[in-house]
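Q: Supplied in structure tokens, the structure appears directly below.
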Amino acid sequence: MITADRKPFEDIYSMTEGYDSVLVAGCDTCVAICLSGGEKEAEILASEISIKAKQEGRELTVEHTAAIRQCEWEYLDTIADTVGGFPLVLSMACGIGIQSMAEKFAPKVVMPAVDTNMLGMPQEHAVWLERCIACGDCMIGLTAGICPVVRCSKSLMNGPCGGAHDGLCEVVGRNGEPIECAWVLIWERLKAQGREELMFQYRPPKDWSKSSSGGPRKMVREDARPV
Amino acid sequence: MSTTLLKAGSNLERILSDGRFGVTGECGPPKNADGGVIEEKAKILKGYVDAVNVTDNQTAVVRTCSLVASHIAQLNGVEAVMQMTCRDRNRLAMQADILGAVALGVRNILCLTGDHISFGNHPKAKGVHDLDSMALIRMFKAMRDERRFECGEEIDSAVPLYIGCAENPFGDPLEFRALRLKKKVEAGADFVQTQSIFNIPRFKAWMEEVRALGLHQEVKILAGVTPIKSAGMVTYMGRSVPGMDVPQEIIDRIAAKEKGEPQREEGKRLAVEMIKELAEVEGVAGVHVMAIEWESAIPEIVETAGLMPRPAVT
């Protein structure tokens with residue numbers, strides 16, 4: 001799933017400057033699951049903005065809504081009437097949803113109320129870990145189902161660097177948490193699979209043209225296109 | 001030996017190829033544009049080392065680039081081992097720099113992954129890691145042996161390089177460390193310099209694995225030695241420098257001396273003892289003395305360890 005974190009309230013509130021009404025738009029798929037931008041979070045943010053405006057004696061109309069997915073045209077149709085009444089939308093969807101809103105309702109101003117941060121999974125309740133960077137050239141069949149592109153801090157292709165200690169990466173996580181060395185995990189799991197010889201083989205440099213280095217990507221399924 | 005068999009013809013390559021015990025040092029370029037700093041360091045080391053590693057934004061801190069600093073060192077009579085990390089450049093920049101380095105007469109290159117960008121003074125920068133050190137070794141080997149760029153296009157000049165790599169016998173997973181060196185040798189490494197060794201028993205165990213794989217006959221192994229300047233420094237290294245393994249008895253030995261000159265003297269004594277012990281290990285072809293911001297200690301250590309005079313090779 002795609003995960004996102006709500007921006008600091010002060011940053012969001014400052015986006016409303018100069019407007020007399022604002023719509024907070026949640027998205028009820030990925031960002032709802034990661035408790036950042038679903039309908040409930042949209043309602044809470046709308047209330048916070050409203051309270052702050054009242055405290056300042058400011059005239060500001062704040063409402064909230066949500067689409068099942070902001071990243072699909074059909075679902076945006078369901079909130080089109082509501083969106084139409086507001087000069088500013090604070091979208092709580094991921095970067096894809098925010099852009100879809102901005103395109104669908106152009107030239108309306110759509111601002112991001114969250115920072116989209118990763119493709120991850122909930123490791124335990126309310127804890128998400130990054131698992132993929134959508135590099136366009138998946139190699140995890142060779143690495144025991146563990147992605148070194150995103151889980152090794154240096155995206156190494158040919159085994160660990162010299163910095164791992166006690167199974168941990170030399171890099172400390174952004175919140176001070178330890179990071180498991182992806183290559184130690186790969187080594188251990190390959191051994192358990194009896195496939196450790198895969199680590200002895202040379203892996204050539206990655207083809208980053210399949211990633212964002214090749215420019216914005218487009219996928220077309222000709223077989224599924226309307227005739 | 002015949003020079004026609006040499007890959008780059010560097011002083012370091014000649015000494016190691018002749019089976020003589022090699023000595024390399026290390027020189028960190030300054031965090032400024034004062035080339036005089038490198039000149040001074042080169043003058044200290046001249047005649048005491050066969051080549052000096054010139055670091056490449058070590059610990060992810062911006063400094064004078066290793067290419068220019070290598071050139072300045074060579075102009076001042078010390079052959080350079082130009083370090084290159086995968087952290088700050090993509091494959092275009094790395095190949096461009098190596099062409100420039102060879103054009104300036106640099107012959108020894110050390111291929112490194114590089115300390116992670118989060119450790120340095122620009123933690124918000126984008127870490128590149130287009131290639132890893134294994135791919136970097138291969139790329140330079142293909143440039144030298146096949147005269148081809150990484151993309152396959154031809155290079156219409158020779159690219160003489162003596163290709164080095166680093167290895168840490170103390171990193172996780174321990175059982176992969178010798179196999180990792182094997183992978184680097186297969187990729188094309190001609191010599192390897194190890195991480196600073198403080199845990200000699202562990203290093204010897206690693207060397208046993210290395211010999212069992214026959215790697216000591218395929219690659220020149222230079223054992224890394226870092227003279228300790230103070231108990232505080234070695235404690236910090238053991239605790240905070242990635243990939244370091246510092247046994248408590250080493251810290252205790254230095255800490256038993258008074259701070260300042262007595263600890264520095266003990267640090268130099270320990271370095272000499274270690275060099276002598278490491279030189280006895282079968283398969284060790286030389287030492288790499290990394291006196292971190294303490295280049296002035298190298299001449300005395302090399303001298304006391306009985307490694308002078310350095311061989312003059314033609």
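Just so we're on the same page: first chain in the structure tokens is A, next is B, and so on; residues restart at 1 for each chain, and ligands are numbered from 1 in the order they show up.
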For stretch 193-197 of chain A, find every residue with an atom within 12 Å (counting only C-alpha atoms), except residues of its own chain fewer than 2 positions away, and show them as a list in words.
A: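 In the requested form, the answer reads Gly141, Leu142, Thr143, Ala144, Gly145, Gly159, Trp183, Val184, Leu185, Ile186, Trp187, Glu188, Arg189, Leu190, Lys191, Met199, Phe200, Gln201 and Tyr202 of chain A; Glu175, Phe176, Leu179, Arg180 and Lys183 of chain B.
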Q: Kindly save the residues from that selection, with N, CA and C atoms included, as a PDB file, in the first residue's frame.
A:
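Listed below is the output, selection_32.pdb:
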```
ATOM      1  N   GLY A 141      13.384 -12.289  -6.722  1.00  0.00           N
ATOM      2  CA  GLY A 141      13.464 -13.737  -6.906  1.00  0.00           C
ATOM      3  C   GLY A 141      14.873 -14.247  -6.628  1.00  0.00           C
ATOM      4  N   LEU A 142      15.863 -13.358  -6.778  1.00  0.00           N
ATOM      5  CA  LEU A 142      17.261 -13.737  -6.562  1.00  0.00           C
ATOM      6  C   LEU A 142      17.715 -13.432  -5.143  1.00  0.00           C
ATOM      7  N   THR A 143      16.865 -12.734  -4.392  1.00  0.00           N
ATOM      8  CA  THR A 143      17.282 -12.278  -3.067  1.00  0.00           C
ATOM      9  C   THR A 143      16.297 -12.715  -1.982  1.00  0.00           C
ATOM     10  N   ALA A 144      15.780 -13.896  -2.163  1.00  0.00           N
ATOM     11  CA  ALA A 144      14.949 -14.534  -1.137  1.00  0.00           C
ATOM     12  C   ALA A 144      13.726 -13.695  -0.747  1.00  0.00           C
ATOM     13  N   GLY A 145      13.197 -12.950  -1.705  1.00  0.00           N
ATOM     14  CA  GLY A 145      11.979 -12.196  -1.419  1.00  0.00           C
ATOM     15  C   GLY A 145      12.206 -10.955  -0.576  1.00  0.00           C
ATOM     16  N   GLY A 159      25.551  -7.993  -2.304  1.00  0.00           N
ATOM     17  CA  GLY A 159      25.861  -8.376  -0.934  1.00  0.00           C
ATOM     18  C   GLY A 159      26.101  -7.163  -0.065  1.00  0.00           C
ATOM     19  N   TRP A 183      20.938  -7.375   3.639  1.00  0.00           N
ATOM     20  CA  TRP A 183      21.773  -8.456   3.111  1.00  0.00           C
ATOM     21  C   TRP A 183      22.031  -9.547   4.139  1.00  0.00           C
ATOM     22  N   VAL A 184      22.013  -9.202   5.409  1.00  0.00           N
ATOM     23  CA  VAL A 184      22.091 -10.248   6.433  1.00  0.00           C
ATOM     24  C   VAL A 184      20.810 -11.079   6.374  1.00  0.00           C
ATOM     25  N   LEU A 185      19.661 -10.397   6.228  1.00  0.00           N
ATOM     26  CA  LEU A 185      18.381 -11.114   6.121  1.00  0.00           C
ATOM     27  C   LEU A 185      18.368 -12.007   4.873  1.00  0.00           C
ATOM     28  N   ILE A 186      18.872 -11.452   3.761  1.00  0.00           N
ATOM     29  CA  ILE A 186      18.887 -12.212   2.500  1.00  0.00           C
ATOM     30  C   ILE A 186      19.775 -13.451   2.655  1.00  0.00           C
ATOM     31  N   TRP A 187      20.951 -13.236   3.224  1.00  0.00           N
ATOM     32  CA  TRP A 187      21.901 -14.351   3.427  1.00  0.00           C
ATOM     33  C   TRP A 187      21.257 -15.447   4.265  1.00  0.00           C
ATOM     34  N   GLU A 188      20.637 -15.057   5.374  1.00  0.00           N
ATOM     35  CA  GLU A 188      20.047 -16.056   6.267  1.00  0.00           C
ATOM     36  C   GLU A 188      18.901 -16.802   5.573  1.00  0.00           C
ATOM     37  N   ARG A 189      18.066 -16.080   4.847  1.00  0.00           N
ATOM     38  CA  ARG A 189      16.932 -16.746   4.211  1.00  0.00           C
ATOM     39  C   ARG A 189      17.375 -17.610   3.027  1.00  0.00           C
ATOM     40  N   LEU A 190      18.365 -17.141   2.279  1.00  0.00           N
ATOM     41  CA  LEU A 190      18.880 -17.967   1.175  1.00  0.00           C
ATOM     42  C   LEU A 190      19.472 -19.264   1.719  1.00  0.00           C
ATOM     43  N   LYS A 191      20.165 -19.154   2.854  1.00  0.00           N
ATOM     44  CA  LYS A 191      20.717 -20.371   3.463  1.00  0.00           C
ATOM     45  C   LYS A 191      19.591 -21.322   3.850  1.00  0.00           C
ATOM     46  N   MET A 199      24.111 -15.679  -3.789  1.00  0.00           N
ATOM     47  CA  MET A 199      24.865 -14.510  -3.309  1.00  0.00           C
ATOM     48  C   MET A 199      26.279 -14.466  -3.888  1.00  0.00           C
ATOM     49  N   PHE A 200      26.751 -15.584  -4.414  1.00  0.00           N
ATOM     50  CA  PHE A 200      28.118 -15.609  -4.964  1.00  0.00           C
ATOM     51  C   PHE A 200      28.129 -15.088  -6.403  1.00  0.00           C
ATOM     52  N   GLN A 201      26.949 -15.043  -7.015  1.00  0.00           N
ATOM     53  CA  GLN A 201      26.884 -14.620  -8.420  1.00  0.00           C
ATOM     54  C   GLN A 201      26.906 -13.094  -8.521  1.00  0.00           C
ATOM     55  N   TYR A 202      27.550 -12.639  -9.579  1.00  0.00           N
ATOM     56  CA  TYR A 202      27.639 -11.196  -9.811  1.00  0.00           C
ATOM     57  C   TYR A 202      26.322 -10.659 -10.366  1.00  0.00           C
TER      58      TYR A 202
ATOM     59  N   GLU B 175      30.427 -14.991   8.009  1.00  0.00           N
ATOM     60  CA  GLU B 175      30.736 -16.138   7.144  1.00  0.00           C
ATOM     61  C   GLU B 175      30.723 -15.780   5.659  1.00  0.00           C
ATOM     62  N   PHE B 176      30.246 -14.569   5.332  1.00  0.00           N
ATOM     63  CA  PHE B 176      30.237 -14.157   3.922  1.00  0.00           C
ATOM     64  C   PHE B 176      31.451 -13.302   3.574  1.00  0.00           C
ATOM     65  N   LEU B 179      34.006 -14.791   1.200  1.00  0.00           N
ATOM     66  CA  LEU B 179      33.317 -15.034  -0.074  1.00  0.00           C
ATOM     67  C   LEU B 179      33.073 -13.724  -0.816  1.00  0.00           C
ATOM     68  N   ARG B 180      32.877 -12.666  -0.047  1.00  0.00           N
ATOM     69  CA  ARG B 180      32.680 -11.348  -0.659  1.00  0.00           C
ATOM     70  C   ARG B 180      33.974 -10.896  -1.333  1.00  0.00           C
ATOM     71  N   LYS B 183      34.272 -12.613  -4.561  1.00  0.00           N
ATOM     72  CA  LYS B 183      33.436 -11.961  -5.578  1.00  0.00           C
ATOM     73  C   LYS B 183      34.143 -10.733  -6.165  1.00  0.00           C
TER      74      LYS B 183
END
```
Q: Would you kindly return, as a list in words, each protein, DNA or RNA residue with an atom no farther than 12 Å from any atom of A:Ala80, considering only C-alpha atoms and excluding same-chain residues fewer than 6 positions away?
A: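 The neighbour list is Leu23, Ala25, Thr65, Ala66, Ala67, Gln70, Trp73, Glu74, Phe86, Val89, Met101, Ala102, Lys104, Phe105, Ala106 and Lys108 of chain A.
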Q: Using only C-alpha atoms, tabulate the residues of chain A lying at most 12 Å from any atom of chain B, each with its closest atom pair and that distance in Å to one decimal, by chain and increasing residue number, as JSON lines.
A:
```
{"residue": "A:Pro148", "atom": "CA", "partner": "B:Asp132", "partner_atom": "CA", "distance": 11.8}
{"residue": "A:Val149", "atom": "CA", "partner": "B:His129", "partner_atom": "CA", "distance": 9.9}
{"residue": "A:Val150", "atom": "CA", "partner": "B:His129", "partner_atom": "CA", "distance": 11.7}
{"residue": "A:Cys152", "atom": "CA", "partner": "B:His129", "partner_atom": "CA", "distance": 10.8}
{"residue": "A:Ser153", "atom": "CA", "partner": "B:His116", "partner_atom": "CA", "distance": 7.6}
{"residue": "A:Lys154", "atom": "CA", "partner": "B:His129", "partner_atom": "CA", "distance": 6.1}
{"residue": "A:Ser155", "atom": "CA", "partner": "B:His129", "partner_atom": "CA", "distance": 6.6}
{"residue": "A:Leu156", "atom": "CA", "partner": "B:Asp132", "partner_atom": "CA", "distance": 5.6}
{"residue": "A:Met157", "atom": "CA", "partner": "B:Asp132", "partner_atom": "CA", "distance": 6.7}
{"residue": "A:Asn158", "atom": "CA", "partner": "B:Met134", "partner_atom": "CA", "distance": 6.7}
{"residue": "A:Gly159", "atom": "CA", "partner": "B:Arg180", "partner_atom": "CA", "distance": 7.4}
{"residue": "A:Pro160", "atom": "CA", "partner": "B:Asp172", "partner_atom": "CA", "distance": 7.7}
{"residue": "A:Cys161", "atom": "CA", "partner": "B:Thr113", "partner_atom": "CA", "distance": 7.1}
{"residue": "A:Gly162", "atom": "CA", "partner": "B:Gly171", "partner_atom": "CA", "distance": 4.9}
{"residue": "A:Gly163", "atom": "CA", "partner": "B:Gly243", "partner_atom": "CA", "distance": 4.4}
{"residue": "A:Ala164", "atom": "CA", "partner": "B:Asp172", "partner_atom": "CA", "distance": 5.1}
{"residue": "A:His165", "atom": "CA", "partner": "B:Asp172", "partner_atom": "CA", "distance": 5.5}
{"residue": "A:Asp166", "atom": "CA", "partner": "B:Asp172", "partner_atom": "CA", "distance": 6.9}
{"residue": "A:Gly167", "atom": "CA", "partner": "B:Asp172", "partner_atom": "CA", "distance": 6.3}
{"residue": "A:Leu168", "atom": "CA", "partner": "B:Asp172", "partner_atom": "CA", "distance": 8.4}
{"residue": "A:Cys169", "atom": "CA", "partner": "B:Pro242", "partner_atom": "CA", "distance": 8.7}
{"residue": "A:Glu170", "atom": "CA", "partner": "B:Pro242", "partner_atom": "CA", "distance": 5.6}
{"residue": "A:Val171", "atom": "CA", "partner": "B:His116", "partner_atom": "CA", "distance": 7.1}
{"residue": "A:Val172", "atom": "CA", "partner": "B:Ser118", "partner_atom": "CA", "distance": 8.6}
{"residue": "A:Gly173", "atom": "CA", "partner": "B:Ser118", "partner_atom": "CA", "distance": 9.9}
{"residue": "A:Arg174", "atom": "CA", "partner": "B:Ser118", "partner_atom": "CA", "distance": 9.8}
{"residue": "A:Glu180", "atom": "CA", "partner": "B:Asp172", "partner_atom": "CA", "distance": 11.2}
{"residue": "A:Cys181", "atom": "CA", "partner": "B:Asp172", "partner_atom": "CA", "distance": 8.6}
{"residue": "A:Ala182", "atom": "CA", "partner": "B:Asp172", "partner_atom": "CA", "distance": 10.9}
{"residue": "A:Trp183", "atom": "CA", "partner": "B:Pro173", "partner_atom": "CA", "distance": 8.3}
{"residue": "A:Val184", "atom": "CA", "partner": "B:Pro173", "partner_atom": "CA", "distance": 5.9}
{"residue": "A:Leu185", "atom": "CA", "partner": "B:Pro173", "partner_atom": "CA", "distance": 9.4}
{"residue": "A:Ile186", "atom": "CA", "partner": "B:Pro173", "partner_atom": "CA", "distance": 10.3}
{"residue": "A:Trp187", "atom": "CA", "partner": "B:Pro173", "partner_atom": "CA", "distance": 7.7}
{"residue": "A:Glu188", "atom": "CA", "partner": "B:Pro173", "partner_atom": "CA", "distance": 8.8}
{"residue": "A:Lys191", "atom": "CA", "partner": "B:Phe176", "partner_atom": "CA", "distance": 11.4}
{"residue": "A:Glu196", "atom": "CA", "partner": "B:Phe176", "partner_atom": "CA", "distance": 10.0}
{"residue": "A:Glu197", "atom": "CA", "partner": "B:Leu179", "partner_atom": "CA", "distance": 10.3}
{"residue": "A:Leu198", "atom": "CA", "partner": "B:Lys183", "partner_atom": "CA", "distance": 11.7}
{"residue": "A:Met199", "atom": "CA", "partner": "B:Arg180", "partner_atom": "CA", "distance": 8.8}
{"residue": "A:Phe200", "atom": "CA", "partner": "B:Lys183", "partner_atom": "CA", "distance": 6.5}
{"residue": "A:Gln201", "atom": "CA", "partner": "B:Lys183", "partner_atom": "CA", "distance": 7.6}
{"residue": "A:Tyr202", "atom": "CA", "partner": "B:Lys183", "partner_atom": "CA", "distance": 7.2}
{"residue": "A:Arg203", "atom": "CA", "partner": "B:Ala135", "partner_atom": "CA", "distance": 7.9}
{"residue": "A:Pro204", "atom": "CA", "partner": "B:Ala135", "partner_atom": "CA", "distance": 6.3}
{"residue": "A:Pro205", "atom": "CA", "partner": "B:Leu131", "partner_atom": "CA", "distance": 5.5}
{"residue": "A:Lys206", "atom": "CA", "partner": "B:Leu131", "partner_atom": "CA", "distance": 7.4}
{"residue": "A:Asp207", "atom": "CA", "partner": "B:Asp130", "partner_atom": "CA", "distance": 9.1}
{"residue": "A:Trp208", "atom": "CA", "partner": "B:Asp130", "partner_atom": "CA", "distance": 7.9}
{"residue": "A:Ser209", "atom": "CA", "partner": "B:Asp130", "partner_atom": "CA", "distance": 11.2}
{"residue": "A:Ser211", "atom": "CA", "partner": "B:Asp130", "partner_atom": "CA", "distance": 11.7}
{"residue": "A:Ser213", "atom": "CA", "partner": "B:Asp130", "partner_atom": "CA", "distance": 10.5}
```
Q: I need the chosen residues saved as an mmCIF file, in the first residue's frame, with C-alpha atoms.
A:
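After the write, result06.cif holds the following:
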```cif
data_model
loop_
_atom_site.group_PDB
_atom_site.id
_atom_site.type_symbol
_atom_site.label_atom_id
_atom_site.label_comp_id
_atom_site.auth_asym_id
_atom_site.auth_seq_id
_atom_site.Cartn_x
_atom_site.Cartn_y
_atom_site.Cartn_z
ATOM 1 C CA PRO A 148 17.883 -4.759 -1.504
ATOM 2 C CA VAL A 149 17.072 -1.750 -3.695
ATOM 3 C CA VAL A 150 14.896 -0.258 -0.997
ATOM 4 C CA CYS A 152 19.638 -1.789 1.797
ATOM 5 C CA SER A 153 20.479 1.829 2.645
ATOM 6 C CA LYS A 154 22.951 1.914 -0.241
ATOM 7 C CA SER A 155 20.848 -0.139 -2.696
ATOM 8 C CA LEU A 156 23.681 -2.637 -3.061
ATOM 9 C CA MET A 157 23.188 -5.431 -5.577
ATOM 10 C CA ASN A 158 26.057 -7.740 -4.638
ATOM 11 C CA GLY A 159 25.861 -8.376 -0.934
ATOM 12 C CA PRO A 160 26.436 -6.327 2.192
ATOM 13 C CA CYS A 161 28.844 -3.437 2.626
ATOM 14 C CA GLY A 162 31.238 -3.562 5.568
ATOM 15 C CA GLY A 163 29.035 -1.617 7.915
ATOM 16 C CA ALA A 164 26.554 -4.157 9.279
ATOM 17 C CA HIS A 165 26.925 -5.127 12.915
ATOM 18 C CA ASP A 166 24.793 -7.493 14.976
ATOM 19 C CA GLY A 167 22.558 -7.838 11.936
ATOM 20 C CA LEU A 168 21.876 -4.115 11.861
ATOM 21 C CA CYS A 169 22.592 -1.541 9.173
ATOM 22 C CA GLU A 170 25.150 1.173 9.921
ATOM 23 C CA VAL A 171 22.423 3.664 9.121
ATOM 24 C CA VAL A 172 19.971 4.570 11.861
ATOM 25 C CA GLY A 173 16.339 5.170 10.920
ATOM 26 C CA ARG A 174 14.865 8.656 10.717
ATOM 27 C CA GLU A 180 17.860 -4.521 9.861
ATOM 28 C CA CYS A 181 20.646 -5.169 7.325
ATOM 29 C CA ALA A 182 18.791 -6.385 4.242
ATOM 30 C CA TRP A 183 21.773 -8.456 3.111
ATOM 31 C CA VAL A 184 22.091 -10.248 6.433
ATOM 32 C CA LEU A 185 18.381 -11.114 6.121
ATOM 33 C CA ILE A 186 18.887 -12.212 2.500
ATOM 34 C CA TRP A 187 21.901 -14.351 3.427
ATOM 35 C CA GLU A 188 20.047 -16.056 6.267
ATOM 36 C CA LYS A 191 20.717 -20.371 3.463
ATOM 37 C CA GLU A 196 23.073 -19.252 -0.849
ATOM 38 C CA GLU A 197 25.050 -19.708 -4.078
ATOM 39 C CA LEU A 198 22.860 -16.929 -5.457
ATOM 40 C CA MET A 199 24.865 -14.510 -3.309
ATOM 41 C CA PHE A 200 28.118 -15.609 -4.964
ATOM 42 C CA GLN A 201 26.884 -14.620 -8.420
ATOM 43 C CA TYR A 202 27.639 -11.196 -9.811
ATOM 44 C CA ARG A 203 24.661 -8.887 -10.333
ATOM 45 C CA PRO A 204 25.297 -6.236 -12.981
ATOM 46 C CA PRO A 205 24.401 -2.571 -12.430
ATOM 47 C CA LYS A 206 20.709 -1.944 -12.327
ATOM 48 C CA ASP A 207 18.891 -0.576 -15.363
ATOM 49 C CA TRP A 208 17.621 2.633 -13.829
ATOM 50 C CA SER A 209 15.996 3.681 -17.103
ATOM 51 C CA SER A 211 12.877 3.549 -12.884
ATOM 52 C CA SER A 213 15.589 8.023 -14.205
#
```
Q: If you run DSSP over the backbone, which residues in stretch 50-132 of chain B end up strand (DSSP E or B)? Put them as a list in words.
A: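 Taking stretch 50-132 of chain B and keeping strand (DSSP E or B) gives Ala51, Val52, Asn53, Val54, Ala80, Val81, Met82, Gln83, Met84, Thr85, Asn108, Ile109, Leu110, Cys111 and Leu112 of chain B.
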Q: Fewer than 4 positions away in the same chain doesn't count, so skip those; otherwise give me all residues within 12 Å of A:Met15, counting only C-alpha atoms, as a list of chain:residue names.
A: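 Once the nearby chain positions are removed, what remains is A:Lys7, A:Pro8, A:Phe9, A:Glu10, A:Asp11, A:Tyr19, A:Asp20, A:Ser21, A:Val22, A:Leu23, A:Val24, A:Ile49, A:Leu88, A:Val89, A:Leu90, A:Ser91, A:Val109, A:Val110, A:Met111, A:Pro112, A:Ala113.
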Q: Do you have the atom CA of B:Ala189-atom CA of B:Lys220 distance handy?
A: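 Value for the atom CA of B:Ala189-atom CA of B:Lys220 distance: 8.9 Å.
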Q: Using DSSP secondary structure from the backbone, list all alpha helix (DSSP H) positions within stretch 21-160 of chain B, as a ChimeraX atom specification.
A: /B:35-45,66-75,91-103,133-145
Q: Those same residues, written as a compact mmCIF listing (two decimals), in the first residue's frame with N, CA and C atoms?
A:
```
# COMPACT_ATOMS: atom_id res chain seq x y z
N GLY B 35 45.45 23.74 -1.63
CA GLY B 35 46.24 22.61 -2.11
C GLY B 35 47.52 22.41 -1.33
N GLY B 36 47.94 23.44 -0.62
CA GLY B 36 49.17 23.36 0.17
C GLY B 36 49.07 22.30 1.27
N VAL B 37 47.86 22.06 1.75
CA VAL B 37 47.67 21.05 2.81
C VAL B 37 48.07 19.68 2.28
N ILE B 38 47.66 19.40 1.05
CA ILE B 38 47.97 18.09 0.45
C ILE B 38 49.48 18.01 0.18
N GLU B 39 50.04 19.13 -0.29
CA GLU B 39 51.49 19.16 -0.53
C GLU B 39 52.25 18.81 0.75
N GLU B 40 51.82 19.42 1.86
CA GLU B 40 52.51 19.18 3.14
C GLU B 40 52.42 17.71 3.54
N LYS B 41 51.20 17.16 3.42
CA LYS B 41 51.01 15.75 3.79
C LYS B 41 51.86 14.84 2.90
N ALA B 42 51.92 15.19 1.61
CA ALA B 42 52.72 14.38 0.67
C ALA B 42 54.19 14.44 1.05
N LYS B 43 54.64 15.63 1.45
CA LYS B 43 56.06 15.76 1.81
C LYS B 43 56.39 14.91 3.03
N ILE B 44 55.46 14.83 3.98
CA ILE B 44 55.69 14.00 5.19
C ILE B 44 55.83 12.53 4.80
N LEU B 45 55.00 12.10 3.85
CA LEU B 45 54.92 10.67 3.53
C LEU B 45 55.93 10.23 2.47
N SER B 66 39.14 13.85 -4.64
CA SER B 66 40.26 12.90 -4.60
C SER B 66 41.08 12.96 -5.89
N LEU B 67 40.45 13.29 -7.02
CA LEU B 67 41.18 13.34 -8.28
C LEU B 67 42.26 14.43 -8.25
N VAL B 68 41.86 15.62 -7.88
CA VAL B 68 42.82 16.74 -7.85
C VAL B 68 43.85 16.53 -6.73
N ALA B 69 43.36 16.06 -5.58
CA ALA B 69 44.29 15.83 -4.46
C ALA B 69 45.29 14.73 -4.82
N SER B 70 44.85 13.72 -5.56
CA SER B 70 45.77 12.66 -6.00
C SER B 70 46.85 13.26 -6.91
N HIS B 71 46.42 14.13 -7.79
CA HIS B 71 47.35 14.77 -8.72
C HIS B 71 48.38 15.61 -7.95
N ILE B 72 47.91 16.37 -6.98
CA ILE B 72 48.82 17.20 -6.19
C ILE B 72 49.81 16.31 -5.43
N ALA B 73 49.32 15.20 -4.86
CA ALA B 73 50.22 14.29 -4.14
C ALA B 73 51.30 13.77 -5.09
N GLN B 74 50.89 13.40 -6.30
CA GLN B 74 51.87 12.85 -7.26
C GLN B 74 52.87 13.91 -7.71
N LEU B 75 52.39 15.16 -7.84
CA LEU B 75 53.32 16.24 -8.20
C LEU B 75 54.37 16.44 -7.10
N ARG B 91 27.47 6.43 -13.02
CA ARG B 91 28.48 5.75 -13.85
C ARG B 91 29.12 6.68 -14.88
N LEU B 92 28.40 7.69 -15.31
CA LEU B 92 29.01 8.65 -16.24
C LEU B 92 30.13 9.42 -15.56
N ALA B 93 29.81 9.94 -14.38
CA ALA B 93 30.80 10.76 -13.66
C ALA B 93 32.01 9.92 -13.25
N MET B 94 31.77 8.68 -12.87
CA MET B 94 32.88 7.84 -12.42
C MET B 94 33.83 7.52 -13.58
N GLN B 95 33.25 7.25 -14.74
CA GLN B 95 34.10 6.96 -15.90
C GLN B 95 34.82 8.23 -16.37
N ALA B 96 34.11 9.34 -16.33
CA ALA B 96 34.74 10.61 -16.74
C ALA B 96 35.93 10.92 -15.82
N ASP B 97 35.72 10.73 -14.52
CA ASP B 97 36.80 11.02 -13.57
C ASP B 97 37.98 10.08 -13.77
N ILE B 98 37.70 8.84 -14.10
CA ILE B 98 38.81 7.90 -14.23
C ILE B 98 39.61 8.21 -15.51
N LEU B 99 38.92 8.63 -16.56
CA LEU B 99 39.65 9.04 -17.77
C LEU B 99 40.54 10.22 -17.45
N GLY B 100 39.99 11.18 -16.72
CA GLY B 100 40.78 12.36 -16.34
C GLY B 100 41.94 11.98 -15.43
N ALA B 101 41.69 11.08 -14.51
CA ALA B 101 42.74 10.66 -13.58
C ALA B 101 43.88 9.99 -14.32
N VAL B 102 43.54 9.09 -15.23
CA VAL B 102 44.57 8.40 -16.01
C VAL B 102 45.34 9.40 -16.86
N ALA B 103 44.61 10.37 -17.43
CA ALA B 103 45.28 11.40 -18.24
C ALA B 103 46.30 12.18 -17.41
N SER B 133 30.17 -1.21 -5.35
CA SER B 133 31.63 -1.30 -5.53
C SER B 133 32.01 -2.49 -6.43
N MET B 134 31.20 -3.55 -6.38
CA MET B 134 31.48 -4.73 -7.21
C MET B 134 31.38 -4.34 -8.70
N ALA B 135 30.33 -3.60 -9.03
CA ALA B 135 30.13 -3.18 -10.41
C ALA B 135 31.19 -2.15 -10.83
N LEU B 136 31.62 -1.35 -9.86
CA LEU B 136 32.65 -0.35 -10.15
C LEU B 136 33.97 -1.04 -10.54
N ILE B 137 34.32 -2.07 -9.79
CA ILE B 137 35.54 -2.84 -10.10
C ILE B 137 35.44 -3.40 -11.53
N ARG B 138 34.30 -4.02 -11.82
CA ARG B 138 34.09 -4.61 -13.15
C ARG B 138 34.17 -3.57 -14.26
N MET B 139 33.57 -2.41 -13.99
CA MET B 139 33.55 -1.36 -15.01
C MET B 139 34.98 -0.92 -15.34
N PHE B 140 35.79 -0.71 -14.29
CA PHE B 140 37.17 -0.26 -14.53
C PHE B 140 38.00 -1.37 -15.19
N LYS B 141 37.72 -2.60 -14.82
CA LYS B 141 38.45 -3.71 -15.45
C LYS B 141 38.13 -3.77 -16.94
N ALA B 142 36.86 -3.57 -17.28
CA ALA B 142 36.48 -3.59 -18.70
C ALA B 142 37.08 -2.39 -19.43
N MET B 143 37.16 -1.24 -18.76
CA MET B 143 37.78 -0.07 -19.39
C MET B 143 39.25 -0.35 -19.67
N ARG B 144 39.91 -1.04 -18.74
CA ARG B 144 41.33 -1.33 -18.90
C ARG B 144 41.58 -2.47 -19.89
N ASP B 145 40.91 -3.61 -19.67
CA ASP B 145 41.24 -4.82 -20.43
C ASP B 145 40.56 -4.89 -21.78
```
